[in-house]
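Heads up: the structure comes next, in structure tokens.
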Amino acid sequence: MQEKYIHADIEPAAQTIWRQNAADCAIDAPDRPKYYCLSMFPYPSGKLHMGHVRNYTIGDVLARFNRMLGKNVLQPMGWDAFGMPAENAALANRIPPAAWTYQNIDHMKKQLQSLGFSIDWTRELATSKPEYYRWEQWLFTRLFAKGLIYKKLGAVNWDPVDETVLANEQVIDGRGWRSGALVEKREIPMYYMKITAYAEELLAGLEQLEGWPPEVRQMQKNWIGKSVGVRLAFPYELDGRKDLLWTFTTRADTLLGVTFVAVAAEHPLAIHAAKNNPEIAAFIEECRLCGFAEADLATMEKKGMPTGLFVRHPLTNDAVPVWVGNYVLMGYGEGAVMAVPAHDERDFAFAKKYGLPIRQVISAADETFDLDEWQDWYADKIHAVCVNSGKYDGLSHEAAVEEIASDLARLSLGEKKTQFRLRDWGISRQRYWGCPIPIIHCEQCGDVPVPDDQLPVLLPEEVTITGAGSPLARMPEFFEAACPKCGKSARRETDTLDTFVESSWYFLRYACPDKQDAMLDERVNYWCKGGIDQYIGGIEHAILHLLYARFFTRLIRDVGLPGIEIPDEPFRNLLTQGMVVAPAFFRKTPDGKKTWFNPAELTIKSDERGRLTAATLNADGEPVEVGGMEKMSKSHNNGVDPQALIDRYGADTARLFMMFAAPPLQSLEWSDAGVEGAYRFLRRLWRIVYEHVSQGVTRANETADLPAPLKDLRRKLHQTIAKVNDDYGRRQQFNTAVAAVMELLNAYEKTNLDTAEGRSLAQEILESVVLMLFPIVPHIAQTLHAELKPGEDAARARFPVVDEAALAQETISLVLQINGKLRGNFQIGSDADRETIESAALAAAENAIKEKAVKKIIVVPGRLVNIVV
RNA sequence: GCCGGGGUGGCGGAAUCGGUAGACGCAGCGGACUCAAAAUCCGCCGCCGCAAGGUGUGAGGGUUCGAGUCCCUCCCCCGGCACCA
């Protein structure tokens, strides 16, 4: 055995053994218990970042641990290969997005392999390959036929200088990131997926997801946002034509408090009012410059303008003024809201600002309504009753809603309605590097889906990106097409699909990535039965990706693939890892934009306590500003390259550091310190095994009948096995598993094992330690295991089993408290009854109690005794 | 703004069901080995205090024999907010 731990020698050697034995391949074996362990696939941005290393190490630990429990493990990997960064890179470097992407995939795959992840590479897929996206197009045509995909107008960010649609990320303080032009809101036709048709089912499904973190279920529940309210109409007459202005409210009980209604700038009433009023037209124009992100809407100054138009109150027939509001959006709900300033905080502020009437229609006992100041009880549903509301006076919230809804129904001006916050999913993107939407626009036949025999609609890979519009719209060879129905010349859709579509079903395709003539085959029935056993990915995906994936399994189920069973819920167990965060550094350009610098380009200064204080850019020696801790990301350019870590210390150190530095759910603060410690531990482990092996390996101890110090050490071993097993399996908390093994090794080194019995116990401990660490540091464990048990392969070994006999203990130590304060310990037989414990505790506490009267004795079995005096 | 999470020594973190706060590691300090350094090994290490003891888990209050853990109010940080992935 080598005396020194040299990771550069043992890591490639271990990987060669695994490759030769096909140790990482998942076998389609329907008779064996399966464990499908899935990590969120990466976007091939160039090189791995720390978040990937963390995510895939967690996945690999679980995959290897479950393999050691005898399960048939599938751990696949692929590439979320479509997306905007490839187009940005193309602009910057003049490389076509396809070439850039595939070059990144090659590099990142090598990096993943060098980390020793037990990934079944025979199942690798990339979403940008026609073999993959053709089935997405196929599914699109089926969903289009079923009406689950439809077309309507939707708002986008329009850069008037670059004449292109911008992603939210590309809009910085209301301006285009490249042109600096003020971004406008523009309504364009887009395809939508009817996720709202599944809102009820997606909500109900959350109840069953016991293997999901409760906070993720809560977030999805709130996102779907089911509320029961009343859809009601305000009648009006315009140019002699009668019409209805529809709104939705959850507070129909306050209907008599309505003093105005507000409509969106794009609402027909607003547009009508603008015709003869340049001020309103100017205001509507101003609204076009507002963003439409929810956060912008919620925080911006609420502005409005009277249109001069009036509608009739549905119950009183009073005239109600119509305002245009910049906070009302056409695409959400009805594009109009009723305003009750007295009982809605936003309406209250709006009414105060514009001097609109505030009419109290709710009161609560002991509370006084004060026109000058908003108080939280004004919006209270629980304690309030109707006032100033005629026949509804005295009714509670629920009763009033019921009464008013049925009165409105009688007038055909309203009904009770369940509404969801969830909106249909806009899937059209005016971008090149994505899956082409399989639609042909024919002047006569309308939107015609591309027939199966013309699929896939291939995305041309040799293109020039200019930053202005999609290159597809400039390629007649792409967009010129014959209508599949009438044969006349027609125009192919040049928008592509949102990349969230690809990531909504890739996990099903891993079961059968080589299937040529169908989306999926029966191998899905084995691997995905009951859902994927474990899904691991960033908490930032808690809502969108995870909701879309849940939606998609239901879509595919309902489209129906013969002979294939799709689980409703794709992910049985979910682990949301915390982010890897690091400080971010930037400079502001004169126009206020921030330029972010990578720590690798900087010299960072810190104080004597190790806290970072300042940084300078190596290129010019000038200072940069130190921002806060941010998620490692492209946008903040604060990623630390894991490659340097792997090159210097090896894959096992990188993996161990990642698992030991923080529990998986928590965010992990990157720091260079600590890596050394992980490396030191591996060297120490190597040395300990070397010292044992160089005296000759022996047969592992199997008996609990040992002298006291050895018995204690062996108890520690089996307690550790139980703990580590629980940490890997139930708790999924790997930092404490490592800590437990470290503690065991500390005890091992403090015990004299120079007898035959001792050496045999040493053998038992070291074999167990190496196998317990195998999921985290497989290379060193593979190598050391082969030294401890020549001819045996750790990759096929089972996880150590607890010997219950070793756990038995004759006496235990209990904590003694007096009035809840720690006052020492005492020993007692492990089978002592309550009376014995109490008297032993009183004896131990004699000095401290003295004359004081004992009021109460609390005994917590196995833990402590608290004497109250 | 709304939804979700978090705040524990100089630092990362542990304390799993309300029961010894600070496991394990990093940094630091002292020592051994060495010509020396690195590596390694041994010891110390929340704060105040010579000690006895007191005190301590973002701040304030509450429940309890007992609170990092439960309840209320507040502050700060992070994630998401529908076109970043």
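Identifiers in this document derive from the order of the structure tokens: chains are assigned A, B, ..., residues are numbered from 1 separately in each chain, and ligands are numbered from 1 in order of occurrence.
Omitting segment 6-8 of chain B and its sequence neighbours fewer than 2 positions away, and counting only C-alpha atoms (C1' of nucleotides), the residues within 9 Å are Gln666 of chain A; A21, G22, U57, G58, G68, C76, C77 and C78 of chain B.
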Give me, as a compact mmCIF listing (two decimals) with N, CA, C and O atoms (P, O5', C5', C4', C3', O3' and C1' of nucleotides), in the first residue's frame, the residues of chain B touching chain A, with the criterion being at most 7 Å (counting only C-alpha atoms (C1' of nucleotides)).
```
# COMPACT_ATOMS: atom_id res chain seq x y z
P G B 1 -42.19 46.78 1.80
O5' G B 1 -43.41 46.52 0.79
C5' G B 1 -44.71 47.07 1.03
C4' G B 1 -45.65 46.41 0.07
C3' G B 1 -45.83 44.91 0.28
O3' G B 1 -46.90 44.68 1.17
C1' G B 1 -45.31 45.34 -2.00
P C B 3 -48.12 37.86 2.38
O5' C B 3 -47.48 36.59 1.66
C5' C B 3 -48.30 35.68 0.93
C4' C B 3 -47.42 34.66 0.24
C3' C B 3 -46.39 33.97 1.13
O3' C B 3 -46.97 32.93 1.90
C1' C B 3 -45.33 34.67 -0.84
P G B 4 -46.36 32.57 3.34
O5' G B 4 -44.95 31.93 3.00
C5' G B 4 -44.87 30.61 2.50
C4' G B 4 -43.45 30.27 2.16
C3' G B 4 -42.45 30.35 3.31
O3' G B 4 -42.54 29.24 4.17
C1' G B 4 -41.52 31.34 1.38
P G B 10 -17.58 36.10 19.16
O5' G B 10 -16.50 35.92 18.02
C5' G B 10 -15.83 37.05 17.47
C4' G B 10 -15.13 36.67 16.20
C3' G B 10 -15.83 35.64 15.33
O3' G B 10 -16.88 36.21 14.59
C1' G B 10 -13.54 35.11 15.46
P G B 12 -20.38 32.28 9.95
O5' G B 12 -20.16 30.81 9.37
C5' G B 12 -19.85 30.63 7.99
C4' G B 12 -19.72 29.15 7.71
C3' G B 12 -20.89 28.30 8.17
O3' G B 12 -21.98 28.40 7.28
C1' G B 12 -18.86 27.24 8.76
P G B 13 -23.45 28.11 7.79
O5' G B 13 -23.39 26.56 8.14
C5' G B 13 -24.21 26.00 9.14
C4' G B 13 -23.49 24.80 9.72
C3' G B 13 -24.23 24.11 10.84
O3' G B 13 -24.96 23.03 10.31
C1' G B 13 -22.08 24.77 11.58
P G B 19 -36.36 18.69 23.69
O5' G B 19 -35.38 18.75 24.94
C5' G B 19 -34.61 19.94 25.18
C4' G B 19 -33.83 19.78 26.46
C3' G B 19 -33.01 18.51 26.56
O3' G B 19 -31.89 18.79 27.38
C1' G B 19 -34.62 18.52 28.27
P U B 20 -30.50 19.28 26.71
O5' U B 20 -29.57 19.19 28.00
C5' U B 20 -29.82 19.99 29.15
C4' U B 20 -28.51 20.45 29.70
C3' U B 20 -27.64 21.22 28.70
O3' U B 20 -26.94 22.24 29.39
C1' U B 20 -26.47 19.34 29.47
P C B 24 -16.03 17.21 19.22
O5' C B 24 -16.12 17.25 17.62
C5' C B 24 -16.38 16.07 16.87
C4' C B 24 -16.55 16.42 15.42
C3' C B 24 -15.46 17.32 14.85
O3' C B 24 -14.30 16.58 14.50
C1' C B 24 -17.54 18.17 14.21
P G B 25 -12.87 17.24 14.66
O5' G B 25 -12.89 18.43 13.59
C5' G B 25 -12.73 18.14 12.22
C4' G B 25 -13.09 19.34 11.38
C3' G B 25 -12.17 20.54 11.44
O3' G B 25 -10.98 20.34 10.70
C1' G B 25 -14.41 21.25 11.45
P C B 26 -9.68 21.20 11.02
O5' C B 26 -10.10 22.67 10.59
C5' C B 26 -10.24 23.02 9.22
C4' C B 26 -10.61 24.48 9.09
C3' C B 26 -9.64 25.46 9.71
O3' C B 26 -8.50 25.66 8.90
C1' C B 26 -11.83 26.08 10.26
P C B 65 -44.89 25.14 35.37
O5' C B 65 -43.33 24.98 35.64
C5' C B 65 -42.79 25.29 36.93
C4' C B 65 -41.36 24.81 36.99
C3' C B 65 -40.51 25.16 35.79
O3' C B 65 -39.98 26.46 35.90
C1' C B 65 -40.23 22.87 36.29
P G B 66 -39.97 27.39 34.64
O5' G B 66 -38.96 26.64 33.68
C5' G B 66 -37.56 26.62 33.99
C4' G B 66 -36.82 25.74 33.03
C3' G B 66 -36.97 26.11 31.57
O3' G B 66 -36.09 27.16 31.23
C1' G B 66 -37.24 23.78 31.82
P G B 79 -30.82 36.47 -3.15
O5' G B 79 -31.95 35.36 -3.28
C5' G B 79 -31.62 34.01 -3.60
C4' G B 79 -32.86 33.17 -3.61
C3' G B 79 -33.95 33.62 -4.57
O3' G B 79 -33.69 33.21 -5.90
C1' G B 79 -34.91 33.14 -2.49
P G B 80 -34.18 34.07 -7.11
O5' G B 80 -35.75 33.84 -7.06
C5' G B 80 -36.30 32.58 -7.41
C4' G B 80 -37.78 32.61 -7.22
C3' G B 80 -38.51 33.72 -7.97
O3' G B 80 -38.68 33.39 -9.34
C1' G B 80 -39.32 33.63 -5.77
P C B 81 -38.61 34.59 -10.41
O5' C B 81 -39.98 35.34 -10.15
C5' C B 81 -41.21 34.68 -10.41
C4' C B 81 -42.35 35.53 -9.92
C3' C B 81 -42.42 36.94 -10.49
O3' C B 81 -43.00 36.93 -11.78
C1' C B 81 -42.79 37.01 -8.17
P C B 83 -43.13 34.28 -18.32
O5' C B 83 -41.66 34.88 -18.51
C5' C B 83 -40.52 34.11 -18.17
C4' C B 83 -39.30 34.73 -18.80
C3' C B 83 -39.06 36.17 -18.36
O3' C B 83 -37.66 36.43 -18.45
C1' C B 83 -39.38 36.12 -20.66
P C B 84 -36.76 35.98 -17.24
O5' C B 84 -35.79 34.93 -17.92
C5' C B 84 -34.72 35.35 -18.78
C4' C B 84 -33.42 34.75 -18.29
C3' C B 84 -33.41 33.23 -18.19
O3' C B 84 -33.00 32.69 -19.43
C1' C B 84 -32.50 34.21 -16.22
P A B 85 -33.73 31.37 -19.98
O5' A B 85 -33.14 30.21 -19.09
C5' A B 85 -31.78 29.78 -19.22
C4' A B 85 -31.41 29.01 -17.96
C3' A B 85 -32.24 27.76 -17.73
O3' A B 85 -31.66 26.63 -18.37
C1' A B 85 -32.21 29.08 -15.76
```
Report summary line: Using only C-alpha atoms, the best pick from A:Phe552, A:Tyr191, A:Tyr510, A:Trp433 as closest to Gln75 of chain A would be A:Tyr510
Query raised in the report: Do you know which residues are at most 12 Å from G61 of chain B counting only C-alpha atoms (C1' of nucleotides), after dropping those on the same chain fewer than 3 positions away, and could you put them as a ChimeraX atom specification?
Result: /B:71-74
Report task. Please report, as a PyMOL selection string, each residue of segment 49-290 of chain A to which DSSP assigns alpha helix (DSSP H) when run on this structure's backbone. Result -> chain A and resi 50-68+84-93+97-114+130-145+199-206+214-224+268-275+278-288
Report task. Measure the distance from atom CA of Lys594 of chain A to atom CA of Glu184 of chain A in Å and round it to one decimal. Result ->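 A separation of 22.0 Å between them.
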Query raised in the report: Using only C-alpha atoms (C1' of nucleotides), which residues sit within 6 Å of segment 791-804 of chain A once same-chain residues fewer than 2 positions away are excluded, as a ChimeraX atom specification?
Result: /A:68,718,768,782,786,789,806-807
Requested in this report: Do a neighbour search on C42 of chain B at 12 Å with only C-alpha atoms (C1' of nucleotides), toss out local chain neighbours closer than 5 positions, and write the hits as an MDAnalysis selection string.
Outcome: (chainID A and resid 750) or (chainID B and resid 30:33)
